[in-house]
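Quick look at input.txt (compact mmCIF, C-alpha atoms):
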# COMPACT_ATOMS: atom_id res chain seq x y z
CA MET A 1 40.00 -11.42 -91.05
CA LEU A 2 41.67 -12.63 -94.22
CA ARG A 3 45.07 -11.23 -95.20
CA THR A 4 47.00 -11.80 -98.43
CA LEU A 5 50.75 -11.12 -98.46
CA CYS A 6 52.83 -10.53 -101.55
CA ARG A 7 56.34 -9.23 -102.20
CA THR A 8 57.02 -6.75 -104.94
CA GLY A 9 60.41 -5.04 -105.09
CA GLY A 10 61.08 -5.54 -101.40
CA LEU A 11 57.85 -3.82 -100.36
CA ILE A 12 55.37 -5.80 -98.37
CA LEU A 13 51.77 -4.99 -99.20
CA GLN A 14 49.06 -6.23 -96.92
CA GLN A 15 45.51 -6.17 -98.27
CA THR A 16 42.69 -6.46 -95.81
CA GLN A 17 39.37 -7.94 -96.86
CA ARG A 18 36.51 -6.62 -94.68
CA THR A 19 34.02 -9.03 -93.28
CA VAL A 20 30.30 -8.53 -93.40
CA PRO A 21 29.05 -6.67 -90.31
CA ARG A 22 27.86 -9.09 -87.69
CA LEU A 23 24.79 -8.72 -85.52
CA CYS A 24 25.50 -8.35 -81.81
CA VAL A 25 22.57 -9.05 -79.55
CA ASN A 26 22.34 -8.59 -75.79
CA PRO A 27 19.35 -8.43 -73.44
CA VAL A 28 18.83 -4.67 -73.94
CA GLN A 29 19.86 -3.89 -77.51
CA GLN A 30 20.35 -5.18 -81.04
CA ARG A 31 22.89 -3.31 -83.20
CA TRP A 32 25.23 -3.61 -86.09
CA ALA A 33 28.99 -3.62 -85.39
CA SER A 34 32.22 -4.11 -87.36
CA SER A 35 35.46 -5.64 -86.27
CA LEU A 36 38.44 -3.29 -85.97
CA PRO A 37 41.07 -3.72 -88.69
CA MET A 38 44.79 -3.80 -87.88
CA ASN A 39 47.34 -1.22 -88.97
CA THR A 40 49.09 -2.71 -91.99
CA VAL A 41 50.65 0.55 -93.27
CA VAL A 42 48.57 0.39 -96.46
CA LEU A 43 44.81 0.25 -95.89
CA PHE A 44 41.80 0.24 -98.22
CA VAL A 45 38.74 1.79 -96.62
CA PRO A 46 35.39 0.63 -98.08
CA GLN A 47 32.78 3.06 -99.36
CA GLN A 48 30.29 4.44 -96.81
CA GLU A 49 32.57 3.70 -93.86
CA ALA A 50 34.60 6.02 -91.66
CA TRP A 51 37.67 4.72 -89.81
CA VAL A 52 38.67 6.81 -86.80
CA VAL A 53 42.47 6.76 -86.28
CA GLU A 54 44.25 7.56 -83.00
CA ARG A 55 47.94 8.40 -82.82
CA MET A 56 49.56 7.58 -79.53
CA GLY A 57 46.11 7.48 -77.86
CA ARG A 58 44.79 10.77 -79.22
CA PHE A 59 42.43 11.40 -82.11
CA HIS A 60 44.42 11.88 -85.29
CA ARG A 61 42.14 11.76 -88.33
CA ILE A 62 39.31 9.95 -90.08
CA LEU A 63 40.26 7.81 -93.04
CA GLU A 64 38.34 8.48 -96.25
CA PRO A 65 37.15 5.63 -98.53
CA GLY A 66 39.92 4.33 -100.76
CA LEU A 67 43.71 4.06 -100.30
CA ASN A 68 45.21 5.28 -97.00
CA PHE A 69 48.63 5.02 -95.31
CA LEU A 70 49.32 4.73 -91.60
CA ILE A 71 52.42 4.60 -89.42
CA PRO A 72 52.81 1.27 -87.72
CA ILE A 73 52.83 1.12 -83.91
CA LEU A 74 52.00 4.85 -83.60
CA ASP A 75 48.66 4.85 -85.44
CA ARG A 76 45.74 2.71 -84.38
CA ILE A 77 42.28 2.29 -85.85
CA ARG A 78 40.06 2.91 -82.83
CA TYR A 79 36.50 3.10 -84.25
CA VAL A 80 34.78 2.01 -87.42
CA GLN A 81 31.54 3.84 -88.14
CA SER A 82 29.08 2.92 -90.89
CA LEU A 83 27.65 5.88 -92.78
CA LYS A 84 24.74 3.87 -94.20
CA GLU A 85 21.20 4.13 -92.91
CA ILE A 86 20.89 1.89 -89.88
CA VAL A 87 17.69 0.09 -88.90
CA ILE A 88 17.20 -0.61 -85.21
CA ASP A 89 14.38 -2.67 -83.81
CA VAL A 90 13.05 -0.98 -80.67
CA PRO A 91 12.01 -3.70 -78.17
CA GLU A 92 8.44 -3.96 -76.92
CA GLN A 93 7.72 -1.92 -73.83
CA SER A 94 4.75 -0.88 -71.72
CA ALA A 95 3.36 2.63 -71.62
CA VAL A 96 0.40 4.28 -69.93
CA SER A 97 -1.88 6.54 -71.95
CA LEU A 98 -3.58 9.69 -70.73
CA ASP A 99 -6.75 7.77 -69.81
CA ASN A 100 -4.72 5.23 -67.72
CA VAL A 101 -4.68 2.36 -70.22
CA THR A 102 -1.55 0.21 -70.24
CA LEU A 103 -0.26 -0.46 -73.75
CA GLN A 104 2.41 -2.76 -75.10
CA ILE A 105 4.11 -1.04 -78.01
CA ASP A 106 7.19 -1.56 -80.14
CA GLY A 107 8.69 0.17 -83.15
CA VAL A 108 11.45 0.49 -85.73
CA LEU A 109 14.02 3.28 -85.73
CA TYR A 110 15.87 4.50 -88.84
CA LEU A 111 19.03 6.58 -88.23
CA ARG A 112 22.27 7.62 -89.87
CA ILE A 113 25.66 8.75 -88.51
CA LEU A 114 26.48 12.22 -89.79
CA ASP A 115 29.60 12.99 -87.73
CA PRO A 116 31.86 9.97 -87.05
CA PHE A 117 33.93 11.95 -84.51
CA LYS A 118 30.91 12.80 -82.31
CA ALA A 119 29.52 9.30 -82.72
CA SER A 120 32.86 7.86 -81.50
CA TYR A 121 33.71 10.22 -78.64
CA GLY A 122 30.35 11.78 -77.76
CA VAL A 123 28.68 8.65 -76.44
CA GLU A 124 29.87 5.16 -75.53
CA ASP A 125 27.41 3.26 -77.68
CA PRO A 126 25.43 5.59 -79.98
CA GLU A 127 22.97 3.00 -81.26
CA TYR A 128 22.14 1.75 -77.79
CA ALA A 129 21.76 5.34 -76.54
CA VAL A 130 19.39 6.19 -79.38
CA THR A 131 17.36 3.04 -78.72
CA GLN A 132 16.92 3.93 -75.05
CA LEU A 133 16.09 7.51 -75.98
CA ALA A 134 13.45 6.28 -78.42
CA GLN A 135 11.83 4.11 -75.73
CA THR A 136 11.71 6.88 -73.12
CA THR A 137 10.45 9.41 -75.67
CA MET A 138 7.76 7.01 -76.86
CA ARG A 139 6.52 6.50 -73.28
CA SER A 140 6.49 10.26 -72.74
CA GLU A 141 4.54 10.96 -75.93
CA LEU A 142 2.02 8.18 -75.26
CA GLY A 143 1.33 9.64 -71.83
CA LYS A 144 0.05 12.81 -73.54
CA LEU A 145 -2.58 11.02 -75.63
CA THR A 146 -5.72 9.06 -74.90
CA LEU A 147 -6.22 5.56 -76.25
CA ASP A 148 -8.43 6.68 -79.11
CA LYS A 149 -5.96 9.36 -80.21
CA VAL A 150 -3.08 6.86 -80.14
CA PHE A 151 -4.72 4.96 -82.99
CA ARG A 152 -5.93 8.03 -84.87
CA GLU A 153 -2.80 10.19 -84.53
CA ARG A 154 -0.21 7.56 -85.20
CA GLU A 155 1.60 9.65 -87.80
CA SER A 156 1.84 12.72 -85.57
CA LEU A 157 3.07 10.49 -82.73
CA ASN A 158 5.90 9.18 -84.93
CA SER A 159 6.81 12.71 -85.97
CA ASN A 160 6.95 13.92 -82.36
CA ILE A 161 9.21 11.01 -81.36
CA VAL A 162 11.62 11.74 -84.24
CA HIS A 163 11.74 15.43 -83.31
CA SER A 164 12.48 14.66 -79.65
CA ILE A 165 15.21 12.14 -80.55
CA ASN A 166 16.94 14.58 -82.93
CA GLN A 167 17.05 17.29 -80.27
CA ALA A 168 19.05 14.99 -77.96
CA SER A 169 21.13 13.14 -80.57
CA ASP A 170 22.72 16.19 -82.24
CA GLU A 171 25.59 16.03 -79.75
CA TRP A 172 26.18 12.40 -80.73
CA GLY A 173 26.51 13.07 -84.45
CA ILE A 174 23.46 10.93 -85.21
CA ARG A 175 20.41 11.92 -87.20
CA CYS A 176 17.11 10.07 -86.70
CA LEU A 177 15.37 9.80 -90.06
CA ARG A 178 12.13 7.97 -89.24
CA TYR A 179 10.38 6.19 -86.46
CA GLU A 180 7.54 3.78 -87.13
CA ILE A 181 5.29 2.08 -84.59
CA LYS A 182 4.97 -1.59 -85.43
CA ASP A 183 2.36 -3.02 -83.09
CA ILE A 184 0.16 -1.71 -80.32
CA HIS A 185 -1.25 -4.28 -77.93
CA VAL A 186 -4.04 -3.41 -75.49
CA PRO A 187 -5.30 -5.48 -72.54
CA PRO A 188 -7.97 -8.08 -73.39
CA ARG A 189 -10.72 -6.35 -71.41
CA VAL A 190 -9.98 -3.03 -73.04
CA LYS A 191 -10.02 -4.76 -76.40
CA GLU A 192 -13.43 -6.27 -75.64
CA SER A 193 -14.80 -2.91 -74.55
CA MET A 194 -13.43 -1.33 -77.72
CA GLN A 195 -15.11 -4.02 -79.77
CA MET A 196 -18.40 -3.39 -77.96
CA GLN A 197 -17.99 0.33 -78.55
CA VAL A 198 -17.41 -0.26 -82.24
CA GLU A 199 -20.50 -2.48 -82.46
CA ALA A 200 -22.59 0.09 -80.58
CA GLU A 201 -21.35 2.83 -82.89
CA ARG A 202 -22.22 0.76 -85.92
CA LYS A 203 -25.69 0.01 -84.55
CA LYS A 204 -26.16 3.70 -83.85
CA ARG A 205 -25.14 4.58 -87.39
CA ALA A 206 -27.46 1.92 -88.77
CA THR A 207 -30.36 3.24 -86.68
CA VAL A 208 -29.63 6.81 -87.71
CA LEU A 209 -29.42 5.84 -91.36
CA GLU A 210 -32.65 3.86 -91.11
CA SER A 211 -34.46 6.76 -89.45
CA GLU A 212 -33.11 9.15 -92.05
CA GLY A 213 -34.29 6.81 -94.77
CA THR A 214 -37.76 6.61 -93.20
CA ARG A 215 -37.88 10.38 -92.89
CA GLU A 216 -36.80 10.87 -96.48
CA ALA A 217 -39.40 8.34 -97.62
CA ALA A 218 -42.15 10.12 -95.66
CA ILE A 219 -41.04 13.46 -97.06
CA ASN A 220 -41.05 12.07 -100.57
CA VAL A 221 -44.53 10.59 -100.10
CA ALA A 222 -45.84 13.88 -98.68
CA GLU A 223 -44.25 15.82 -101.51
CA GLY A 224 -45.79 13.40 -104.00
CA ARG A 225 -49.24 13.80 -102.46
CA LYS A 226 -48.82 17.57 -102.39
CA GLN A 227 -47.83 17.66 -106.03
CA ALA A 228 -50.68 15.30 -106.92
CA GLN A 229 -53.21 17.54 -105.15
CA ILE A 230 -51.77 20.62 -106.80
CA LEU A 231 -51.91 19.00 -110.20
CA ALA A 232 -55.44 17.69 -109.54
CA SER A 233 -56.65 21.14 -108.46
CA GLU A 234 -55.00 22.73 -111.47
CA GLY A 235 -56.63 20.12 -113.69
CA GLU A 236 -60.04 20.73 -112.09
CA LYS A 237 -59.54 24.47 -112.46
CA ALA A 238 -58.62 24.08 -116.10
CA GLU A 239 -61.64 21.80 -116.60
CA ARG A 240 -63.99 24.33 -115.03
CA ILE A 241 -62.49 27.13 -117.10
CA ASN A 242 -62.84 25.10 -120.26
CA LYS A 243 -66.38 24.07 -119.34
CA ALA A 244 -67.37 27.67 -118.60
CA ALA A 245 -65.75 28.81 -121.83
CA GLY A 246 -67.64 26.08 -123.69
CA GLU A 247 -70.93 27.02 -122.05
CA ALA A 248 -70.33 30.68 -122.83
CA GLN A 249 -69.55 29.83 -126.42
CA GLY A 250 -72.71 27.66 -126.51
CA VAL A 251 -74.84 30.50 -125.14
CA LEU A 252 -73.33 32.90 -127.65
CA ALA A 253 -73.93 30.41 -130.44
CA LYS A 254 -77.55 29.95 -129.35
CA ALA A 255 -78.05 33.69 -129.07
CA GLU A 256 -76.52 34.25 -132.48
CA ALA A 257 -78.66 31.47 -133.96
CA LYS A 258 -81.80 32.87 -132.32
CA ALA A 259 -80.96 36.37 -133.47
CA LYS A 260 -80.40 35.10 -136.98
CA ALA A 261 -83.67 33.19 -136.86
CA ILE A 262 -85.54 36.27 -135.65
CA ARG A 263 -83.87 38.35 -138.35
CA MET A 264 -84.87 35.85 -141.02
CA LEU A 265 -88.39 35.68 -139.58
CA SER A 266 -88.76 39.43 -139.63
CA GLU A 267 -87.56 39.51 -143.21
CA ALA A 268 -90.04 36.79 -144.12
CA LEU A 269 -92.93 38.66 -142.44
CA THR A 270 -92.22 41.79 -144.44
CA GLU A 271 -92.64 39.90 -147.68
CA GLN A 272 -95.93 39.15 -149.45
CA ASN A 273 -98.22 36.67 -147.64
CA GLY A 274 -96.02 36.96 -144.51
CA ASN A 275 -99.05 37.15 -142.23
CA ALA A 276 -100.38 33.89 -143.64
CA ALA A 277 -97.05 32.20 -142.94
CA ALA A 278 -97.05 33.55 -139.38
CA SER A 279 -100.61 32.28 -138.88
CA LEU A 280 -99.58 28.85 -140.11
CA SER A 281 -96.60 28.79 -137.70
CA VAL A 282 -98.76 29.79 -134.73
CA ALA A 283 -101.34 27.15 -135.61
CA GLU A 284 -98.63 24.45 -135.78
CA GLN A 285 -97.22 25.49 -132.39
CA TYR A 286 -100.74 25.48 -130.88
CA VAL A 287 -101.41 21.96 -132.10
CA SER A 288 -98.04 20.79 -130.85
CA ALA A 289 -98.59 22.34 -127.40
CA PHE A 290 -102.11 20.90 -127.19
CA SER A 291 -100.79 17.40 -127.98
CA ASN A 292 -98.41 17.57 -124.94
CA LEU A 293 -101.16 18.37 -122.45
CA ALA A 294 -101.63 16.08 -119.46
CA LYS A 295 -98.36 14.18 -120.08
CA LYS A 296 -96.43 15.52 -117.04
CA SER A 297 -99.31 16.49 -114.70
CA ASN A 298 -102.96 15.56 -114.21
CA THR A 299 -104.09 19.15 -113.44
CA ILE A 300 -104.11 21.77 -116.22
CA LEU A 301 -105.87 25.08 -117.04
CA LEU A 302 -107.61 25.29 -120.46
CA PRO A 303 -109.62 27.98 -122.15
CA SER A 304 -113.31 27.26 -122.82
CA ASN A 305 -112.87 27.18 -126.58
CA THR A 306 -109.92 24.80 -126.88
CA GLY A 307 -111.20 23.48 -130.21
CA ASP A 308 -111.42 26.92 -131.80
CA ILE A 309 -107.99 27.06 -133.45
CA SER A 310 -108.92 29.94 -135.73
CA GLY A 311 -109.90 32.11 -132.77
CA MET A 312 -106.59 31.41 -131.02
CA VAL A 313 -104.62 32.15 -134.20
CA SER A 314 -106.54 35.38 -134.78
CA GLN A 315 -105.88 36.41 -131.17
CA ALA A 316 -102.14 35.78 -131.54
CA MET A 317 -102.06 37.64 -134.87
CA THR A 318 -103.88 40.61 -133.34
CA ILE A 319 -101.26 40.87 -130.62
CA TYR A 320 -98.48 40.54 -133.21
CA SER A 321 -99.98 43.23 -135.46
CA THR A 322 -100.25 45.57 -132.52
CA LEU A 323 -96.57 45.07 -131.53
CA ALA A 324 -95.41 45.32 -135.15
CA LYS A 325 -96.80 48.84 -135.80
CA PRO A 326 -93.64 51.00 -136.13
CA SER A 327 -95.31 54.36 -135.91
CA MET A 328 -97.27 53.66 -132.77
CA ARG A 329 -95.74 53.38 -129.30
CA VAL A 330 -96.78 50.13 -127.75
CA THR A 331 -97.80 50.29 -124.10
CA PRO A 332 -98.96 47.59 -121.76
CA GLU A 333 -102.44 49.13 -121.72
CA VAL A 334 -102.71 48.82 -125.51
CA VAL A 335 -101.51 45.24 -125.40
CA GLU A 336 -104.08 44.45 -122.71
CA GLU A 337 -106.86 46.13 -124.68
CA ASN A 338 -105.93 44.14 -127.78
CA ARG A 339 -105.91 40.96 -125.77
CA GLU A 340 -109.35 41.70 -124.28
CA GLU A 341 -110.69 42.46 -127.72
CA ALA A 342 -109.37 39.21 -129.10
CA THR A 343 -110.81 37.37 -126.14
CA ASN A 344 -114.21 38.91 -126.61
CA GLN A 345 -114.11 37.82 -130.21
CA SER A 346 -113.21 34.23 -129.39
CA GLY A 347 -115.20 33.83 -126.14
CA SER A 348 -114.51 34.25 -122.38
CA PRO A 349 -112.04 31.76 -120.83
CA GLN A 350 -112.87 29.65 -117.87
CA GLU A 351 -111.00 27.24 -115.70
CA GLN A 352 -111.48 23.56 -116.33
CA ARG A 353 -109.94 20.80 -114.24
CA ILE A 354 -109.18 17.39 -115.70
CA ASN A 355 -108.48 14.60 -113.28
CA GLU A 356 -107.24 11.21 -114.24
Show me this structure written as structure tokens.
Amino acid sequence: MLRTLCRTGGLILQQTQRTVPRLCVNPVQQRWASSLPMNTVVLFVPQQEAWVVERMGRFHRILEPGLNFLIPILDRIRYVQSLKEIVIDVPEQSAVSLDNVTLQIDGVLYLRILDPFKASYGVEDPEYAVTQLAQTTMRSELGKLTLDKVFRERESLNSNIVHSINQASDEWGIRCLRYEIKDIHVPPRVKESMQMQVEAERKKRATVLESEGTREAAINVAEGRKQAQILASEGEKAERINKAAGEAQGVLAKAEAKAKAIRMLSEALTEQNGNAAASLSVAEQYVSAFSNLAKKSNTILLPSNTGDISGMVSQAMTIYSTLAKPSMRVTPEVVEENREEATNQSGSPQEQRINE
């Protein structure tokens, strides 16, 4: 404590310079504390501090920041409370989870004094009381959770501890702002088993992913083959349709060409000397057919007068003239009679075998 005295007009002013709060540590707690200033009639209270004054042993008032006056001997500054946010390190402690696993856990507690009167007269040491309450509450909350949930629900665990502390600390004029778990230590064997579990889970995921990849690949290959077969069948179908359409068009073209040829031939026969032209065409076809004999087979049937081309032509022309009569109905009997007549004119046929 540093005091500076000065005289001005017979009045003694005593100015007190506050020291920085010192850290008091004992085996069970670690807290911030301030030394108690003396009554010097004129006092200057720093910002964010509350000085609790007792008069003749009873609570009198709380000094506000700034200039304050007290009566010597009668008034005494009994408590000095800091209104700043206070950080308390909660010591490491052991706790048992719901699945009977012993954990070593510590944390950090953030609190603020809201009512200096309750904080001074409601509890002997508010910070120590809150620290003990935080430890007991943390053990109680950890006993409700399994080991896996302790790591997954860390945020909800902190929230539950803060809520439980605030329910008990309202009578002390203290408000718990936050509670954060610093470290969680598990036994070595449990840690090894957790590591094995993590490795097994990763192997399981890898196997599942590999099997899913294999399945997807097989599905893709099957889908590809299916699409290929569908496309191939559609292509073959289109090819057959096109081929059939082409053949049909070819048949129609041939039929049209043949019909046109017949039409032209009929027109030519109606002209002058048409019979002579028809006889010439028949003779040419007869010679051409006779030249192809015995090329594909060694057994053929020939008429007896194979060298009589004129007789064959006259026979063919007789049949043609019979069919070409428009006024006469052609019957098979008439055709047969005409054929017999032509045969009698050219000679009777007989079978002749030629062997090579």
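Residue nearest Ile174 in chain A, chosen from A:Val42, A:Ala129, A:Ala119, A:Ala244 and counting only C-alpha atoms: A:Ala119.
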Item checked: Selection as a ChimeraX atom specification: residues within 12 Å of (0.8, 7.6, -82.8), counting only C-alpha atoms -> /A:97,105-107,138-162,179-184
Check: Just how far from CA of Glu236 in chain A is CA of Leu252 in chain A, in Å to one decimal?
Finding: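 Taking CA of Leu252 in chain A as the start and CA of Glu236 in chain A as the end point, the length is 23.8 Å.
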Notebook entry, point to check: How many Å separate CA of Glu171 in chain A from CA of Asp115 in chain A?
Noted result: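 Answer for the CA of Glu171 in chain A to CA of Asp115 in chain A separation: 9.4 Å.
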Notebook entry, point to check: Which one of A:Leu133, A:Ile77, A:Leu98, A:Ile113 sits closest to Gln48 in chain A if you count only C-alpha atoms?
Noted result: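 Of the candidates, the smallest distance to Gln48 in chain A is held by A:Ile113.
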Check: Using only C-alpha atoms, which of the listed residues (A:Val123, A:Leu43, A:Leu111, A:Ile230) sits closest to Glu64 in chain A?
Finding: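 Distance minimum relative to Glu64 in chain A lands on A:Leu43.
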Kindly list the centre and edge lengths in Å, rounded to one decimal, for the axis-aligned box that covers all listed atoms of range 124-127 of chain A plus 4 Å on each of its six sides, as AutoDock Vina command-line options.
--center_x 26.4 --center_y 4.3 --center_z -78.4 --size_x 14.9 --size_y 10.6 --size_z 13.7
Expected answer as a PDB file with C-alpha atoms, in the frame of the given file: all residues with atoms within 10 Å of (19.1, 3.6, -79.6), only C-alpha atoms:
ATOM      1  CA  GLN A  29      19.860  -3.890 -77.510  1.00  0.00           C
ATOM      2  CA  GLN A  30      20.350  -5.180 -81.040  1.00  0.00           C
ATOM      3  CA  ARG A  31      22.890  -3.310 -83.200  1.00  0.00           C
ATOM      4  CA  ILE A  88      17.200  -0.610 -85.210  1.00  0.00           C
ATOM      5  CA  ASP A  89      14.380  -2.670 -83.810  1.00  0.00           C
ATOM      6  CA  VAL A  90      13.050  -0.980 -80.670  1.00  0.00           C
ATOM      7  CA  LEU A 109      14.020   3.280 -85.730  1.00  0.00           C
ATOM      8  CA  TYR A 110      15.870   4.500 -88.840  1.00  0.00           C
ATOM      9  CA  LEU A 111      19.030   6.580 -88.230  1.00  0.00           C
ATOM     10  CA  ASP A 125      27.410   3.260 -77.680  1.00  0.00           C
ATOM     11  CA  PRO A 126      25.430   5.590 -79.980  1.00  0.00           C
ATOM     12  CA  GLU A 127      22.970   3.000 -81.260  1.00  0.00           C
ATOM     13  CA  TYR A 128      22.140   1.750 -77.790  1.00  0.00           C
ATOM     14  CA  ALA A 129      21.760   5.340 -76.540  1.00  0.00           C
ATOM     15  CA  VAL A 130      19.390   6.190 -79.380  1.00  0.00           C
ATOM     16  CA  THR A 131      17.360   3.040 -78.720  1.00  0.00           C
ATOM     17  CA  GLN A 132      16.920   3.930 -75.050  1.00  0.00           C
ATOM     18  CA  LEU A 133      16.090   7.510 -75.980  1.00  0.00           C
ATOM     19  CA  ALA A 134      13.450   6.280 -78.420  1.00  0.00           C
ATOM     20  CA  GLN A 135      11.830   4.110 -75.730  1.00  0.00           C
ATOM     21  CA  ILE A 165      15.210  12.140 -80.550  1.00  0.00           C
ATOM     22  CA  SER A 169      21.130  13.140 -80.570  1.00  0.00           C
ATOM     23  CA  CYS A 176      17.110  10.070 -86.700  1.00  0.00           C
TER      24      CYS A 176
END
Notebook entry, point to check: Which is closest to Thr40 in chain A among A:Gly66, A:Arg61, A:Tyr79, A:Ile71, if we use only C-alpha atoms?
Noted result: A:Ile71
